[in-house]
Each structure stands twice: as structure tokens, then as C-alpha cells.
Amino acid sequence: MPGTMQSADARTAWTGAIDAVDRRLLVASQAGLPLVPRPYRELAASVGLPEEEVMRRLRHLLERRVIRRIAALPNHYALGYRANGMTVWDVADEAIAGLGALVGALPFVSHCYQRPRRLPHWPYNLFAMVHGATRDEVAEHVGRMAAILGSAARSGDVLYSSRILKKTGLRLQPE
Amino acid sequence: MDTLDQQLIDLLQDGIPVVERPFAPVAHRLGLTEEAVLERLSRLLAEGVLTRFGPLLDAAALGGAFTLAALSAPEADFDRIANLVNAHAEVAHNYRREHAFNMWFVIGCEQPSRIAEVIAEIERETGCPILDLPKVDEYFLGLHLTPRQPAPA
């Protein structure tokens, strides 16, 4: 969903969004769901809960979007997306909200954020991740983004990823 | 990876339902048994075509704090510094990128105060100043990758 507003300090405090039983469930499943025909029954057995309760809790976590979905995460490279470019732009402060939403809505952009500048070494405040089969393809996409941003973007760059150093994802720690 | 694998990858990215036999709908769509779907899914995970299969958590909904961080590692020291960064459990992802700032990683913590601590620890361990780039606003978060080419046999 584009355009969700966050407070200027994005480090929101822990709100107790999940209880201790939810936590046990998420810790037990976050490395992966059991690959069996009845995975929730097996998950329930591993945490000592009834299957029906596990399913009820997972549905509730999905409704509240604590779990975005129960799904596969693809390896970009293995699927033919060999070019991953983090595009960064120095966008005028008064224009960034509107332009950020436009850029974020582009079909080849997977993540789009405003972040603070860190002058003098890092002048960019708009970040948009672009995936493509080749760098040429990503470069084409970047051209479209530059056209949309126009003169509101004083400078920009593309930082291609050349190696995945770690990709475990967000992990809850057991209490 | 054959055509069925590609279709499976497409469907599984959208997610499975919370029902007793959540693979049955996908199996039915593809004309496979659930066992065959699970075999293919296991293989795709083992081969690294899929990196994970399970609940995908939303850091913001959990109320956690997270930031994007970057540093500039001297080339001769790159691997050593990468290992030091990766050793922190709070580092969820770490990528090498082609730029003077060549190491980019996401730090995710349940306690906001912990972010600054992790950054300070990494700076101490590596000797590299860290760019701390928390998100101020978010315009889109979503990714669905359609396989781009038939894989080699």
C-alpha cells in the first residue's frame, strides 16, 4: 500500500503487538514451515498446542498484518533477476512526498523509502529498489524514474548489488 | 526448473491459506498431488531457488525498530568486516554494492534503543563509521517475481 505515513522518528516503541504464545509460534516457524500436507498440525505439535488454536492465532496474526503472508521468498538471481539496483535520489524536500508515491507505484520498483540525508558524504533522501534481468534493463527503468522526477531531483545514482552477504531476514528472538 | 516449477514459484509467492491442508489448492491448480508439490518445494528450497517458505513477518506491525545502515570497507578487509557485521543476530540482510559505501545492511531490533547499540558495536569492531538511514516515509513495499527465463536443464 503506497503512502503510509510514519512519524519522523521511525523507531516506534515496542507495542506488545503479540503475546507470549504468538511469539513461541512465530519463533518456531520463522525459519520455515514444515513441508508436510498438514503443516499447522505439525507446527502445533512442536509447540505443544492444539492445531485449531495454532490456526486461529495465525489467522489473527494475518488479519493484523503481523504476518504479511505465509509464502515463498524467491531468490532473485535464481529466477533470472541478475541485476538489483538501489536507486538513490536527492529530491527537493517540498516535492518528495508526491514524487515518492509516484515512483513507489512503478511496476519495477519493489521498495521505496524516504530516508535522511547524511551530509556531506550521502546527499540522497529517496531510495527505490529496482530489479531486472540485466543492468541494461535496470538502466532503462532508472531513465523512466529520472523523467518522472525531473528537476526536483538534483542528483541520483544506482548502486548495483554484487554479492549477497547475508539474507536470514527479520528474526524474532525467543524470550 | 521446469514449467511446473515456474508456475509453483509464482503461486507460492502469493501465499497459502491457514486451513488444515493448505497445499491442496495449489496442487489442484497445477494438476499435481500434494506430495508432488511438497517434493518440488523441498527441492527448490534445497537448490536455493527459494530462500525461505513460511510466515513472512512485518517489522512495522510487530512494533520493532529497524534501519538501513552502510559502511565503506577497505577492499583488503572486506570479507573480515562482512563476517563481523553478519555475526550480529540483528543484521537481517547484508549486501555488497558497487559504490564507495560498499556494504549495506538492515538492522532489525524489537527494542528501539538496541539499534544504536548494535551500530556502536559494529563501529567499534570494524573501525568503520556507519551511515544510519532509518526510513522517514514509505511509498511501496511489495515484490512478486515472475521467473524470467527457463533455467538450464
# chains A, B, ... in the order shown; residues from 1 in each chain; ligands from 1

$ closest_atom_pairs --of "chain B" --to "chain A" --cutoff "6 Å" --atoms "only C-alpha atoms" --output "Markdown table"
| residue | atom | partner | partner_atom | distance |
| --- | --- | --- | --- | --- |
| B:Leu12 | CA | A:Ala72 | CA | 5.4 |
| B:Gln13 | CA | A:Ala72 | CA | 4.8 |
| B:Gly15 | CA | A:Ala71 | CA | 4.0 |
| B:Ile16 | CA | A:Ile70 | CA | 5.7 |
| B:Glu20 | CA | A:Arg38 | CA | 5.7 |
| B:Arg21 | CA | A:Arg38 | CA | 5.2 |
| B:Val49 | CA | A:Ala78 | CA | 5.2 |
| B:Leu50 | CA | A:Pro74 | CA | 4.4 |
| B:Thr51 | CA | A:Leu73 | CA | 5.6 |
| B:Arg52 | CA | A:Leu73 | CA | 5.2 |
| B:Phe53 | CA | A:Ala72 | CA | 4.3 |
| B:Gly54 | CA | A:Gly32 | CA | 4.7 |
| B:Pro55 | CA | A:Ile70 | CA | 4.2 |
| B:Leu56 | CA | A:Ile67 | CA | 5.5 |
| B:Leu57 | CA | A:Ile67 | CA | 4.6 |
| B:Asp58 | CA | A:Val66 | CA | 5.3 |
| B:Ala61 | CA | A:Val66 | CA | 5.0 |
| B:Leu62 | CA | A:Ala17 | CA | 5.7 |
| B:Gly63 | CA | A:Trp14 | CA | 4.8 |
| B:Gly64 | CA | A:Trp14 | CA | 5.8 |
| B:Ala65 | CA | A:Arg11 | CA | 4.7 |
| B:Ala92 | CA | A:Gly169 | CA | 4.4 |
| B:His93 | CA | A:Lys167 | CA | 4.5 |
| B:Asn94 | CA | A:Lys166 | CA | 4.8 |
| B:Tyr95 | CA | A:Ile164 | CA | 4.7 |
| B:Arg96 | CA | A:Arg163 | CA | 5.0 |
| B:Arg97 | CA | A:Ser161 | CA | 4.2 |
| B:Glu98 | CA | A:Leu159 | CA | 5.5 |
| B:Pro112 | CA | A:Arg11 | CA | 5.7 |
| B:Leu133 | CA | A:Arg115 | CA | 5.7 |
| B:Pro134 | CA | A:Arg115 | CA | 5.9 |
| B:Lys135 | CA | A:Arg115 | CA | 4.7 |
| B:Val136 | CA | A:Arg115 | CA | 5.2 |
| B:Asp137 | CA | A:Gln114 | CA | 5.0 |
| B:Glu138 | CA | A:Tyr113 | CA | 4.5 |
| B:Tyr139 | CA | A:Pro2 | CA | 4.5 |
| B:Phe140 | CA | A:Pro2 | CA | 4.7 |
| B:Leu141 | CA | A:His111 | CA | 4.7 |
| B:Gly142 | CA | A:Ser110 | CA | 5.3 |
| B:Leu143 | CA | A:Ser110 | CA | 5.2 |
| B:Pro147 | CA | A:Leu79 | CA | 4.8 |
| B:Arg148 | CA | A:Gly80 | CA | 5.1 |

$ select_by_dssp --residues "segment 4-175 of chain A" --states "helix (DSSP H, G or I)" --output "PyMOL selection string"
chain A and resi 20-29+39-47+51-63+96-104+135-152

$ select_by_dssp --residues "segment 58-106 of chain B" --states "strand (DSSP E or B)" --output "PyMOL selection string"
chain B and resi 65-71+91-97+103-106

$ write_last_selection --atoms "N, CA and C atoms" --output "tab-separated table (two decimals), in the first residue's frame"
chain	number	residue	atom	x	y	z
B	65	ALA	N	11.91	-1.84	15.69
B	65	ALA	CA	12.68	-0.75	15.09
B	65	ALA	C	13.66	-1.35	14.11
B	66	PHE	N	13.91	-0.62	13.04
B	66	PHE	CA	14.87	-1.13	12.07
B	66	PHE	C	15.45	0.04	11.31
B	67	THR	N	16.62	-0.19	10.76
B	67	THR	CA	17.27	0.85	9.99
B	67	THR	C	18.09	0.22	8.88
B	68	LEU	N	18.36	1.02	7.86
B	68	LEU	CA	19.29	0.62	6.80
B	68	LEU	C	20.62	1.27	7.14
B	69	ALA	N	21.68	0.50	7.14
B	69	ALA	CA	22.99	1.03	7.50
B	69	ALA	C	23.98	0.73	6.39
B	70	ALA	N	25.02	1.53	6.32
B	70	ALA	CA	26.04	1.31	5.29
B	70	ALA	C	27.40	1.68	5.84
B	71	LEU	N	28.42	1.05	5.28
B	71	LEU	CA	29.79	1.42	5.61
B	71	LEU	C	30.67	1.26	4.38
B	91	VAL	N	21.35	-8.25	12.39
B	91	VAL	CA	21.55	-7.93	10.97
B	91	VAL	C	20.76	-8.94	10.16
B	92	ALA	N	19.68	-8.46	9.50
B	92	ALA	CA	18.79	-9.36	8.78
B	92	ALA	C	19.26	-9.62	7.36
B	93	HIS	N	19.78	-8.61	6.72
B	93	HIS	CA	20.28	-8.74	5.34
B	93	HIS	C	21.57	-7.97	5.23
B	94	ASN	N	22.47	-8.40	4.36
B	94	ASN	CA	23.70	-7.65	4.13
B	94	ASN	C	24.09	-7.86	2.66
B	95	TYR	N	24.30	-6.77	1.95
B	95	TYR	CA	24.64	-6.85	0.53
B	95	TYR	C	25.88	-6.05	0.23
B	96	ARG	N	26.68	-6.56	-0.68
B	96	ARG	CA	27.76	-5.76	-1.25
B	96	ARG	C	27.18	-4.96	-2.40
B	97	ARG	N	27.52	-3.67	-2.44
B	97	ARG	CA	27.06	-2.82	-3.55
B	97	ARG	C	28.23	-2.06	-4.13
B	103	MET	N	29.06	-1.72	1.61
B	103	MET	CA	28.38	-2.74	2.41
B	103	MET	C	27.10	-2.14	2.98
B	104	TRP	N	25.96	-2.77	2.64
B	104	TRP	CA	24.64	-2.24	3.01
B	104	TRP	C	23.87	-3.31	3.76
B	105	PHE	N	23.43	-2.99	4.97
B	105	PHE	CA	22.77	-4.00	5.78
B	105	PHE	C	21.58	-3.42	6.55
B	106	VAL	N	20.63	-4.29	6.79
B	106	VAL	CA	19.43	-3.92	7.55
B	106	VAL	C	19.57	-4.44	8.97

$ residues_around --residues "Arg40 of chain B" --least-positions-apart "6" --cutoff "12 Å" --atoms "only C-alpha atoms" --output "NGL selection string"
(:A and (35)) or (:B and (1-9 or 12 or 23 or 27 or 30 or 32-34 or 46-47 or 49-50))

$ atom_distance --atom1 "atom CA of His28 of chain B" --atom2 "atom CA of Ser46 of chain A"
28.1 Å
